[in-house]
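Enquirer: Just one file: target-v3.csv, with CSV, C-alpha atoms and all ligand atoms.
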```csv
chain,number,residue,atom,x,y,z
V,963,MET,CA,32.8,8.2,-2.7
V,964,TYR,CA,29.0,8.1,-2.9
V,965,THR,CA,27.1,11.3,-3.7
V,966,CYS,CA,23.8,12.0,-2.1
V,967,LYS,CA,22.1,10.8,-5.3
V,968,ASP,CA,23.9,7.5,-5.1
V,969,ALA,CA,23.0,7.1,-1.4
V,970,ILE,CA,19.4,8.0,-1.9
V,971,ASN,CA,19.1,5.6,-4.9
V,972,LEU,CA,20.0,2.8,-2.5
V,973,LEU,CA,17.5,3.5,0.2
V,974,LEU,CA,14.9,1.0,-0.8
V,975,ASN,CA,17.4,-1.8,-1.0
V,976,PHE,CA,18.9,-0.6,2.3
V,977,LEU,CA,15.5,-0.8,4.1
V,978,ASP,CA,14.8,-4.2,2.5
V,979,GLY,CA,18.2,-5.4,3.8
V,980,GLU,CA,19.3,-6.1,0.2
V,981,MET,CA,22.6,-4.5,-0.4
V,982,THR,CA,26.0,-5.9,-1.4
V,983,PRO,CA,28.6,-5.6,1.3
V,984,GLU,CA,30.3,-3.0,-0.9
V,985,GLU,CA,27.2,-0.9,-1.3
V,986,SER,CA,26.6,-1.1,2.4
V,987,ARG,CA,30.1,0.1,3.1
V,988,HIS,CA,29.8,3.0,0.7
V,989,LEU,CA,26.4,4.0,2.0
V,990,LYS,CA,27.6,3.9,5.6
V,991,GLU,CA,30.6,6.1,4.7
V,992,HIS,CA,28.4,8.6,3.0
V,993,LEU,CA,25.8,8.8,5.8
V,994,SER,CA,28.6,9.2,8.4
V,995,GLY,CA,29.6,12.5,6.7
V,996,CYS,CA,26.2,13.8,5.4
V,997,ALA,CA,23.6,14.9,8.0
V,998,PRO,CA,21.0,15.9,5.3
V,999,CYS,CA,21.0,12.3,4.0
V,1000,VAL,CA,20.6,10.9,7.5
V,1001,ASP,CA,17.5,13.1,7.8
V,1002,PHE,CA,16.4,12.1,4.4
V,1003,LEU,CA,16.7,8.4,5.3
V,1004,ARG,CA,14.6,8.9,8.4
V,1005,THR,CA,11.8,10.7,6.6
V,1006,TYR,CA,12.0,8.2,3.7
V,1007,LYS,CA,11.6,5.4,6.2
V,1008,ALA,CA,8.6,7.1,7.9
V,1009,THR,CA,6.8,7.7,4.6
V,1010,PRO,CA,5.1,4.4,4.0
V,1011,GLY,CA,3.6,4.2,7.5
V,1012,LEU,CA,2.2,7.8,7.2
V,1013,CYS,CA,0.8,7.0,3.8
V,1014,LYS,CA,-0.8,3.8,4.9
V,1015,ARG,CA,-2.6,5.8,7.6
V,1016,ALA,CA,-3.6,8.6,5.2
V,1017,MET,CA,-5.1,6.1,2.8
V,1018,ALA,CA,-7.3,4.2,5.3
V,1019,GLN,CA,-10.9,3.8,4.2
V,1020,GLN,CA,-14.0,2.3,5.9
V,1021,MET,CA,-16.9,0.7,4.1
V,1022,PRO,CA,-20.0,2.9,4.4
V,1023,LYS,CA,-22.9,1.3,6.2
V,1024,GLU,CA,-25.2,1.2,3.1
V,1025,VAL,CA,-22.5,-0.5,1.1
V,1026,SER,CA,-22.0,-3.2,3.6
V,1027,ALA,CA,-25.7,-3.8,3.8
V,1028,LYS,CA,-25.8,-4.2,0.0
V,1029,LEU,CA,-22.9,-6.5,0.1
V,1030,THR,CA,-24.6,-8.8,2.7
V,1031,GLU,CA,-27.8,-8.7,0.6
V,1032,TYR,CA,-25.9,-9.5,-2.6
V,1033,LEU,CA,-24.0,-12.4,-1.1
V,1034,ARG,CA,-27.1,-13.9,0.6
V,1035,ALA,CA,-29.0,-13.9,-2.7
V,1036,ARG,CA,-26.2,-15.5,-4.6
V,1037,ILE,CA,-25.2,-18.0,-2.0
V,1038,LYS,CA,-28.8,-19.1,-1.5
V,1039,SER,CA,-29.5,-19.5,-5.2
V,1040,ALA,CA,-26.4,-21.6,-5.5
V,1041,SER,CA,-27.2,-24.1,-2.8
X,748,MET,CA,-4.6,-3.8,27.3
X,749,SER,CA,-5.1,-3.7,23.5
X,750,ASP,CA,-8.6,-3.7,22.2
X,751,GLU,CA,-7.5,-5.3,19.0
X,752,MET,CA,-6.9,-9.0,18.8
X,753,SER,CA,-3.4,-10.1,18.0
X,754,ASP,CA,-2.7,-11.1,14.4
X,755,GLU,CA,-2.3,-14.7,15.5
X,756,ALA,CA,-5.7,-14.8,17.3
X,757,VAL,CA,-7.4,-13.3,14.2
X,758,LYS,CA,-5.8,-15.9,12.0
X,759,GLU,CA,-6.8,-18.7,14.3
X,760,GLU,CA,-10.4,-17.4,14.4
X,761,ASP,CA,-10.4,-17.1,10.6
X,762,ARG,CA,-9.1,-20.7,10.3
X,763,GLN,CA,-12.0,-22.0,12.4
X,764,LEU,CA,-14.6,-19.9,10.4
X,765,VAL,CA,-13.1,-21.1,7.1
X,766,ALA,CA,-13.4,-24.7,8.3
X,767,ARG,CA,-17.0,-24.2,9.3
X,768,ALA,CA,-17.8,-22.3,6.1
X,769,GLN,CA,-16.2,-25.1,4.0
X,770,ALA,CA,-18.6,-27.5,5.8
X,771,GLY,CA,-21.5,-25.4,4.6
X,772,ASP,CA,-22.1,-23.0,7.5
X,773,ILE,CA,-23.2,-19.8,5.8
X,774,SER,CA,-23.1,-17.7,8.9
X,775,ALA,CA,-19.4,-18.6,9.3
X,776,PHE,CA,-18.8,-17.2,5.8
X,777,GLU,CA,-20.7,-14.1,6.7
X,778,ALA,CA,-18.6,-13.6,9.7
X,779,LEU,CA,-15.5,-13.8,7.5
X,780,VAL,CA,-17.0,-11.2,5.1
X,781,GLU,CA,-17.8,-8.9,8.0
X,782,ALA,CA,-14.2,-9.2,9.4
X,783,HIS,CA,-12.5,-8.5,6.0
X,784,ARG,CA,-14.9,-6.3,4.1
X,785,ASP,CA,-13.4,-3.0,5.2
X,786,LYS,CA,-10.0,-4.0,4.1
X,787,VAL,CA,-11.2,-5.3,0.8
X,788,TYR,CA,-13.3,-2.3,0.1
X,789,GLY,CA,-10.5,0.0,1.1
X,790,LEU,CA,-8.1,-1.7,-1.3
X,791,THR,CA,-10.5,-1.5,-4.2
X,792,LEU,CA,-11.6,2.1,-3.5
X,793,ARG,CA,-7.9,3.2,-3.3
X,794,MET,CA,-7.1,1.5,-6.5
X,795,THR,CA,-10.1,2.3,-8.6
X,796,ARG,CA,-10.9,5.7,-7.0
X,797,SER,CA,-14.6,4.9,-7.7
X,798,GLU,CA,-17.0,4.1,-5.0
X,799,ALA,CA,-19.3,2.3,-7.4
X,800,ASP,CA,-16.4,0.2,-8.8
X,801,ALA,CA,-15.2,-0.5,-5.3
X,802,ALA,CA,-18.6,-1.8,-4.1
X,803,GLU,CA,-18.9,-4.0,-7.1
X,804,ILE,CA,-15.5,-5.4,-7.0
X,805,THR,CA,-15.9,-6.1,-3.3
X,806,GLN,CA,-19.1,-8.1,-4.1
X,807,ASP,CA,-17.3,-10.0,-6.8
X,808,THR,CA,-14.4,-10.7,-4.6
X,809,PHE,CA,-16.3,-12.3,-1.8
X,810,LEU,CA,-18.6,-14.2,-4.1
X,811,SER,CA,-15.6,-15.6,-5.8
X,812,ALA,CA,-14.0,-16.4,-2.5
X,813,TYR,CA,-17.2,-18.3,-1.6
X,814,GLN,CA,-17.2,-20.2,-4.8
X,815,HIS,CA,-13.5,-21.1,-4.4
X,816,LEU,CA,-13.6,-21.8,-0.7
X,817,LYS,CA,-13.1,-25.5,-1.4
X,818,ASP,CA,-9.8,-24.7,-3.1
X,819,PHE,CA,-8.6,-22.6,-0.2
X,820,ARG,CA,-5.9,-24.3,1.8
X,821,GLY,CA,-5.6,-23.5,5.4
X,822,ASP,CA,-1.8,-22.8,5.3
X,823,ALA,CA,-2.4,-19.2,4.0
X,824,ALA,CA,-4.3,-16.5,5.9
X,825,PHE,CA,-7.9,-16.0,4.7
X,826,GLY,CA,-7.3,-12.2,4.9
X,827,SER,CA,-4.4,-12.2,2.5
X,828,TRP,CA,-6.1,-14.7,0.2
X,829,VAL,CA,-9.2,-12.4,-0.3
X,830,HIS,CA,-6.9,-9.4,-0.4
X,831,ARG,CA,-5.1,-10.9,-3.4
X,832,ILE,CA,-8.3,-11.8,-5.2
X,833,ALA,CA,-9.4,-8.2,-4.6
X,834,ALA,CA,-6.1,-6.7,-5.9
X,835,ASN,CA,-6.4,-8.9,-9.0
X,836,ASN,CA,-10.0,-7.8,-9.7
X,837,ALA,CA,-9.2,-4.1,-9.1
X,838,LEU,CA,-6.2,-4.3,-11.4
X,839,MET,CA,-8.2,-5.9,-14.1
X,840,ARG,CA,-10.8,-3.2,-13.8
X,841,LEU,CA,-8.0,-0.6,-14.1
X,842,ARG,CA,-6.5,-2.2,-17.1
X,843,HIS,CA,-9.8,-2.0,-18.9
X,844,ARG,CA,-10.3,1.6,-18.1
X,845,ARG,CA,-8.6,4.3,-20.1
X,846,VAL,CA,-6.9,6.6,-17.6
X,847,VAL,CA,-5.1,9.8,-18.3
X,848,GLN,CA,-1.6,8.9,-17.4
X,849,ALA,CA,0.6,11.4,-15.7
X,850,ALA,CA,4.0,11.5,-17.4
X,851,GLU,CA,6.9,9.8,-15.7
X,852,GLU,CA,9.0,12.9,-15.8
X,853,GLU,CA,6.4,14.6,-13.7
X,854,ILE,CA,7.0,12.4,-10.7
X,855,GLN,CA,8.4,14.6,-7.9
X,856,GLY,CA,11.5,13.7,-6.1
X,857,PRO,CA,14.5,15.3,-4.4
X,858,GLU,CA,16.6,17.6,-6.5
X,859,PHE,CA,20.4,17.2,-6.8
X,860,THR,CA,23.2,19.6,-7.7
X,861,GLU,CA,25.3,18.8,-10.7
X,862,ARG,CA,27.7,17.0,-8.4
X,863,GLY,CA,25.0,14.8,-7.0
X,864,SER,CA,24.5,16.5,-3.6
X,865,LEU,CA,21.0,17.2,-2.3
X,866,ALA,CA,20.1,20.6,-3.6
X,867,GLU,CA,17.8,21.3,-0.7
X,868,TYR,CA,18.5,20.1,2.8
X,869,PRO,CA,15.5,18.9,4.8
X,870,LEU,CA,14.6,21.7,7.1
X,871,GLN,CA,13.2,19.5,9.8
X,872,ASP,CA,13.2,15.8,10.6
X,873,TRP,CA,9.5,15.0,10.8
X,874,SER,CA,9.9,11.3,11.1
X,875,ARG,CA,9.2,11.5,14.8
X,876,SER,CA,6.0,13.5,14.5
X,877,ALA,CA,4.9,10.8,12.1
X,878,GLU,CA,4.5,8.5,15.1
X,879,GLY,CA,1.8,10.6,16.7
X,880,LYS,CA,-1.6,8.8,17.2
X,881,ILE,CA,-3.8,11.1,15.2
X,882,LEU,CA,-2.9,11.9,11.6
X,883,ASP,CA,-3.4,15.5,10.7
X,884,ALA,CA,-6.4,15.7,8.3
X,885,GLU,CA,-4.6,18.2,6.1
X,886,LEU,CA,-1.5,16.0,5.9
X,887,GLY,CA,-3.8,13.1,5.0
X,888,ARG,CA,-5.2,15.1,2.1
X,889,ALA,CA,-1.8,16.2,1.0
X,890,ILE,CA,-0.7,12.5,0.9
X,891,GLN,CA,-3.9,11.4,-1.0
X,892,GLY,CA,-3.3,14.2,-3.5
X,893,ALA,CA,0.3,13.2,-4.1
X,894,ALA,CA,-0.7,9.6,-4.5
X,895,ASP,CA,-3.3,10.7,-7.0
X,896,ARG,CA,-0.7,12.5,-9.1
X,897,LEU,CA,1.5,9.4,-9.5
X,898,PRO,CA,1.3,7.7,-12.8
X,899,GLU,CA,-0.9,4.6,-12.6
X,900,GLY,CA,1.8,1.9,-12.6
X,901,TYR,CA,3.6,3.7,-9.8
X,902,ARG,CA,0.5,4.3,-7.8
X,903,GLU,CA,-0.5,0.6,-8.1
X,904,VAL,CA,2.8,-0.6,-6.8
X,905,PHE,CA,2.8,1.9,-3.9
X,906,LEU,CA,-0.7,0.9,-2.9
X,907,LEU,CA,-0.1,-2.8,-3.2
X,908,LYS,CA,3.2,-2.7,-1.3
X,909,ASP,CA,3.1,0.1,1.2
X,910,VAL,CA,-0.7,0.3,1.9
X,911,GLU,CA,-1.9,-3.2,1.3
X,912,GLY,CA,1.3,-5.0,2.5
X,913,LEU,CA,1.7,-7.4,-0.4
X,914,SER,CA,5.1,-8.9,-1.0
X,915,TYR,CA,7.1,-8.1,-4.1
X,916,GLU,CA,6.5,-11.7,-5.3
X,917,GLN,CA,2.7,-11.3,-4.9
X,918,ILE,CA,2.8,-7.9,-6.7
X,919,ALA,CA,4.8,-9.5,-9.6
X,920,GLU,CA,2.1,-12.2,-9.7
X,921,VAL,CA,-0.9,-9.8,-9.9
X,922,THR,CA,0.7,-7.2,-12.2
X,923,GLY,CA,2.9,-9.4,-14.4
X,924,ASP,CA,5.8,-7.0,-13.9
X,925,SER,CA,9.3,-8.0,-12.9
X,926,ILE,CA,10.5,-7.5,-9.3
X,927,PRO,CA,13.3,-5.0,-10.3
X,928,ALA,CA,10.8,-2.9,-12.2
X,929,ILE,CA,8.4,-3.0,-9.2
X,930,LYS,CA,11.1,-1.9,-6.8
X,931,SER,CA,12.3,0.9,-9.0
X,932,ARG,CA,8.8,2.3,-9.3
X,933,LEU,CA,8.1,1.8,-5.6
X,934,HIS,CA,11.2,3.8,-4.8
X,935,ARG,CA,10.2,6.7,-7.1
X,936,ALA,CA,6.7,6.7,-5.7
X,937,ARG,CA,8.1,6.8,-2.1
X,938,LEU,CA,10.4,9.7,-3.1
X,939,ALA,CA,7.4,11.7,-4.5
X,940,LEU,CA,5.3,11.0,-1.4
X,941,ARG,CA,8.2,11.9,0.9
X,942,GLU,CA,8.5,15.1,-1.0
X,943,ALA,CA,4.8,15.9,-0.5
X,944,ILE,CA,5.0,15.2,3.2
X,945,ASP,CA,8.2,17.3,3.5
X,946,GLN,CA,6.5,20.2,1.8
X,947,PHE,CA,3.5,19.9,4.1
X,948,TYR,CA,5.8,20.1,7.2
X,949,ASN,CA,7.9,22.9,5.8
X,950,GLN,CA,5.2,25.1,4.3
X,951,GLY,CA,5.2,27.2,7.5
X,952,SER,CA,8.9,27.4,8.1
X,953,ALA,CA,10.0,27.8,4.5
X,954,GLY,CA,7.9,31.0,4.1
X,955,GLY,CA,5.9,29.7,1.2
Z,1,ZN,ZN,24.2,13.1,1.2
```
Could you spell out this file's structure in structure tokens?

Expert:
Amino acid sequence: MYTCKDAINLLLNFLDGEMTPEESRHLKEHLSGCAPCVDFLRTYKATPGLCKRAMAQQMPKEVSAKLTEYLRARIKSAS
Amino acid sequence: MSDEMSDEAVKEEDRQLVARAQAGDISAFEALVEAHRDKVYGLTLRMTRSEADAAEITQDTFLSAYQHLKDFRGDAAFGSWVHRIAANNALMRLRHRRVVQAAEEEIQGPEFTERGSLAEYPLQDWSRSAEGKILDAELGRAIQGAADRLPEGYREVFLLKDVEGLSYEQIAEVTGDSIPAIKSRLHRARLALREAIDQFYNQGSAGG
């Protein structure tokens, strides 16, 4: 029987769809009897999406103006 | 009714712009820069945590993209190509910088009992509230703080995979690490971030 620790160690492979049939069977067995791990799985799965949104950044206007200027100068001098 | 173009439409427009830029049309290249600069700057800023470095690496990235435009083959998306150049440049910058490393033992994660059961049961399932349109600003800061506390190698992998969307193979290519090592670090990074989000959602109900 898998423990919570065993189950949680497999979550990345589970979400990537990369488990052996045996691991998959053990994990299913554990999840069917362990509600906390089911919640854990749901929140683990939601984590990357939340993080992606939290880490979003936009380029400030003055930085993009400088970028355009920089590239124009380089590209012009090269051609 | 979406105001964003579909992925395919964007890629098709990029393909046409690349073809024009390869033929010497500078305005087409500038349009490509405009379309991708936010993503490139975002990646470099997240990775280096320095606005000055991010601005500089973004400049280098697009200049190098321009200089290698001839080598760019149309079968890949322009966006992921510059993305990879940027990731490479940002990583090189990080490798040259001496950073104070957080110790691996300090990475947060779930706690288990001696028998391997979860020591603390999640008090609430917040995976649904994660789908809301607007991200709570405080939650955003909690996540950024947790990402900042990750040791560099873990933070890199998390950013490249979960934020930038690179594949394991691409990450292995830019970092030089093995795919199993990348996966194991990604898993621990996700556990730490999940823990931080969980604490955010439970700070009210847990009474602390
Ligand atoms: Zn369990």

Enquirer: So that each row is one residue of chain X with an atom at most 9 Å from ligand ZN 1 (chain Z), can you give its shortest atom pair and the distance in Å to one decimal, using all atoms listed in the file, rows by chain and rising number, as CSV?

Expert:
```
residue,atom,partner,partner_atom,distance
X:Gly863,CA,Z:ZN1,ZN,8.4
X:Ser864,CA,Z:ZN1,ZN,5.9
X:Leu865,CA,Z:ZN1,ZN,6.3
```

Enquirer: So that I can check the surroundings of X:Ser797, please list as a PDB file with C-alpha atoms, keeping the file's coordinate frame every protein, DNA and RNA residue that reaches within 12 Å of it, counting all atoms listed in the file and ignoring chain neighbours fewer than 6 positions away.

Expert:
```
ATOM      1  CA  TYR X 788     -13.300  -2.300   0.100  1.00  0.00           C
ATOM      2  CA  GLY X 789     -10.500   0.000   1.100  1.00  0.00           C
ATOM      3  CA  LEU X 790      -8.100  -1.700  -1.300  1.00  0.00           C
ATOM      4  CA  THR X 791     -10.500  -1.500  -4.200  1.00  0.00           C
ATOM      5  CA  GLU X 803     -18.900  -4.000  -7.100  1.00  0.00           C
ATOM      6  CA  ILE X 804     -15.500  -5.400  -7.000  1.00  0.00           C
ATOM      7  CA  THR X 805     -15.900  -6.100  -3.300  1.00  0.00           C
ATOM      8  CA  ALA X 837      -9.200  -4.100  -9.100  1.00  0.00           C
ATOM      9  CA  ARG X 840     -10.800  -3.200 -13.800  1.00  0.00           C
ATOM     10  CA  LEU X 841      -8.000  -0.600 -14.100  1.00  0.00           C
ATOM     11  CA  ARG X 844     -10.300   1.600 -18.100  1.00  0.00           C
TER      12      ARG X 844
END
```

Enquirer: Return the neighbours of chain X among the residues of chain V, cut-off 10 Å, counting only C-alpha atoms, as JSON, numbers by chain.

Expert: {"V": [964, 965, 966, 967, 968, 969, 970, 971, 972, 973, 974, 975, 996, 997, 998, 999, 1000, 1001, 1002, 1003, 1004, 1005, 1006, 1007, 1008, 1009, 1010, 1011, 1012, 1013, 1014, 1015, 1016, 1017, 1018, 1019, 1020, 1021, 1022, 1025, 1026, 1028, 1029, 1030, 1031, 1032, 1033, 1034, 1036, 1037, 1038, 1040, 1041]}

Enquirer: Just the number, please: distance in Å from atom CA of X:Leu764 to atom CA of X:Lys817, one decimal.

Expert: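 So the two atoms, atom CA of X:Leu764 and atom CA of X:Lys817, lie 13.1 Å apart.
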
Enquirer: What gap, in Å, lies between atom CA of X:Arg820 and atom CA of X:Val765?

Expert: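 Taking atom CA of X:Arg820 and atom CA of X:Val765, their separation equals 9.5 Å.
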
Enquirer: By how many Å are atom CA of X:Glu760 and atom CA of X:Ala823 apart?

Expert: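 Computing the Euclidean distance for atom CA of X:Glu760 and atom CA of X:Ala823 yields 13.2 Å.
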
Enquirer: Rank nothing, just name the residue among X:Asn949, X:His783, X:Gly892, X:Thr795 nearest to X:Leu838, using only C-alpha atoms.

Expert: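 Using only C-alpha atoms, X:Leu838 sits closest to X:Thr795.
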
Enquirer: List every protein, DNA or RNA residue that has at least one atom no more than 8 Å from (-6.3, -18.5, -1.4) in the file's coordinates, counting all atoms listed in the file, and write the result as a ChimeraX atom specification.

Expert: /X:818-820,823-825,827-829,831-832

Enquirer: Identify which of the residues X:Val904, X:Glu916, X:Gln950, X:Ala756 lies closest to X:Ile929, counting all atoms listed in the file when measuring atom-to-atom distances.

Expert: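 Closest candidate: X:Val904.
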
Enquirer: Place N, CA, C and O atoms on stretch 886-905 of chain X and deliver the coordinates as a compact mmCIF listing (two decimals), in the coordinates of the input.

Expert:
```txt
# COMPACT_ATOMS: atom_id res chain seq x y z
N LEU X 886 -2.64 16.84 6.39
CA LEU X 886 -1.50 16.00 5.90
C LEU X 886 -2.11 14.81 5.13
O LEU X 886 -1.59 14.43 4.08
N GLY X 887 -3.17 14.23 5.67
CA GLY X 887 -3.80 13.10 5.00
C GLY X 887 -4.23 13.49 3.58
O GLY X 887 -3.99 12.75 2.63
N ARG X 888 -4.82 14.68 3.43
CA ARG X 888 -5.20 15.10 2.10
C ARG X 888 -4.04 15.38 1.19
O ARG X 888 -4.08 15.09 0.00
N ALA X 889 -2.97 15.91 1.78
CA ALA X 889 -1.80 16.20 1.00
C ALA X 889 -1.21 14.84 0.43
O ALA X 889 -0.79 14.76 -0.73
N ILE X 890 -1.23 13.82 1.28
CA ILE X 890 -0.70 12.50 0.90
C ILE X 890 -1.63 11.90 -0.22
O ILE X 890 -1.15 11.39 -1.24
N GLN X 891 -2.94 11.98 0.01
CA GLN X 891 -3.90 11.40 -1.00
C GLN X 891 -3.70 12.14 -2.33
O GLN X 891 -3.72 11.51 -3.39
N GLY X 892 -3.50 13.46 -2.27
CA GLY X 892 -3.30 14.20 -3.50
C GLY X 892 -2.03 13.80 -4.22
O GLY X 892 -2.03 13.62 -5.43
N ALA X 893 -0.96 13.60 -3.45
CA ALA X 893 0.30 13.20 -4.10
C ALA X 893 0.19 11.81 -4.65
O ALA X 893 0.72 11.53 -5.73
N ALA X 894 -0.54 10.92 -3.97
CA ALA X 894 -0.70 9.60 -4.50
C ALA X 894 -1.53 9.61 -5.79
O ALA X 894 -1.25 8.88 -6.74
N ASP X 895 -2.51 10.50 -5.83
CA ASP X 895 -3.30 10.70 -7.00
C ASP X 895 -2.53 11.15 -8.22
O ASP X 895 -2.87 10.86 -9.36
N ARG X 896 -1.50 11.92 -7.95
CA ARG X 896 -0.70 12.50 -9.10
C ARG X 896 0.31 11.50 -9.61
O ARG X 896 0.94 11.77 -10.64
N LEU X 897 0.50 10.38 -8.95
CA LEU X 897 1.50 9.40 -9.50
C LEU X 897 0.92 8.75 -10.73
O LEU X 897 -0.28 8.48 -10.82
N PRO X 898 1.79 8.45 -11.69
CA PRO X 898 1.30 7.70 -12.80
C PRO X 898 0.81 6.32 -12.36
O PRO X 898 1.27 5.79 -11.36
N GLU X 899 -0.15 5.77 -13.09
CA GLU X 899 -0.90 4.60 -12.60
C GLU X 899 0.00 3.43 -12.16
O GLU X 899 -0.22 2.89 -11.10
N GLY X 900 1.00 3.08 -12.96
CA GLY X 900 1.80 1.90 -12.60
C GLY X 900 2.60 2.16 -11.29
O GLY X 900 2.89 1.22 -10.56
N TYR X 901 2.93 3.40 -11.00
CA TYR X 901 3.60 3.70 -9.80
C TYR X 901 2.68 3.72 -8.58
O TYR X 901 3.00 3.25 -7.49
N ARG X 902 1.47 4.27 -8.84
CA ARG X 902 0.50 4.30 -7.80
C ARG X 902 0.06 2.89 -7.39
O ARG X 902 -0.06 2.59 -6.22
N GLU X 903 -0.11 2.03 -8.38
CA GLU X 903 -0.50 0.60 -8.10
C GLU X 903 0.52 -0.02 -7.19
O GLU X 903 0.16 -0.65 -6.20
N VAL X 904 1.78 0.09 -7.57
CA VAL X 904 2.80 -0.60 -6.80
C VAL X 904 2.90 -0.04 -5.39
O VAL X 904 2.99 -0.79 -4.41
N PHE X 905 2.82 1.28 -5.26
CA PHE X 905 2.80 1.90 -3.90
C PHE X 905 1.66 1.40 -3.10
O PHE X 905 1.82 1.02 -1.93
```
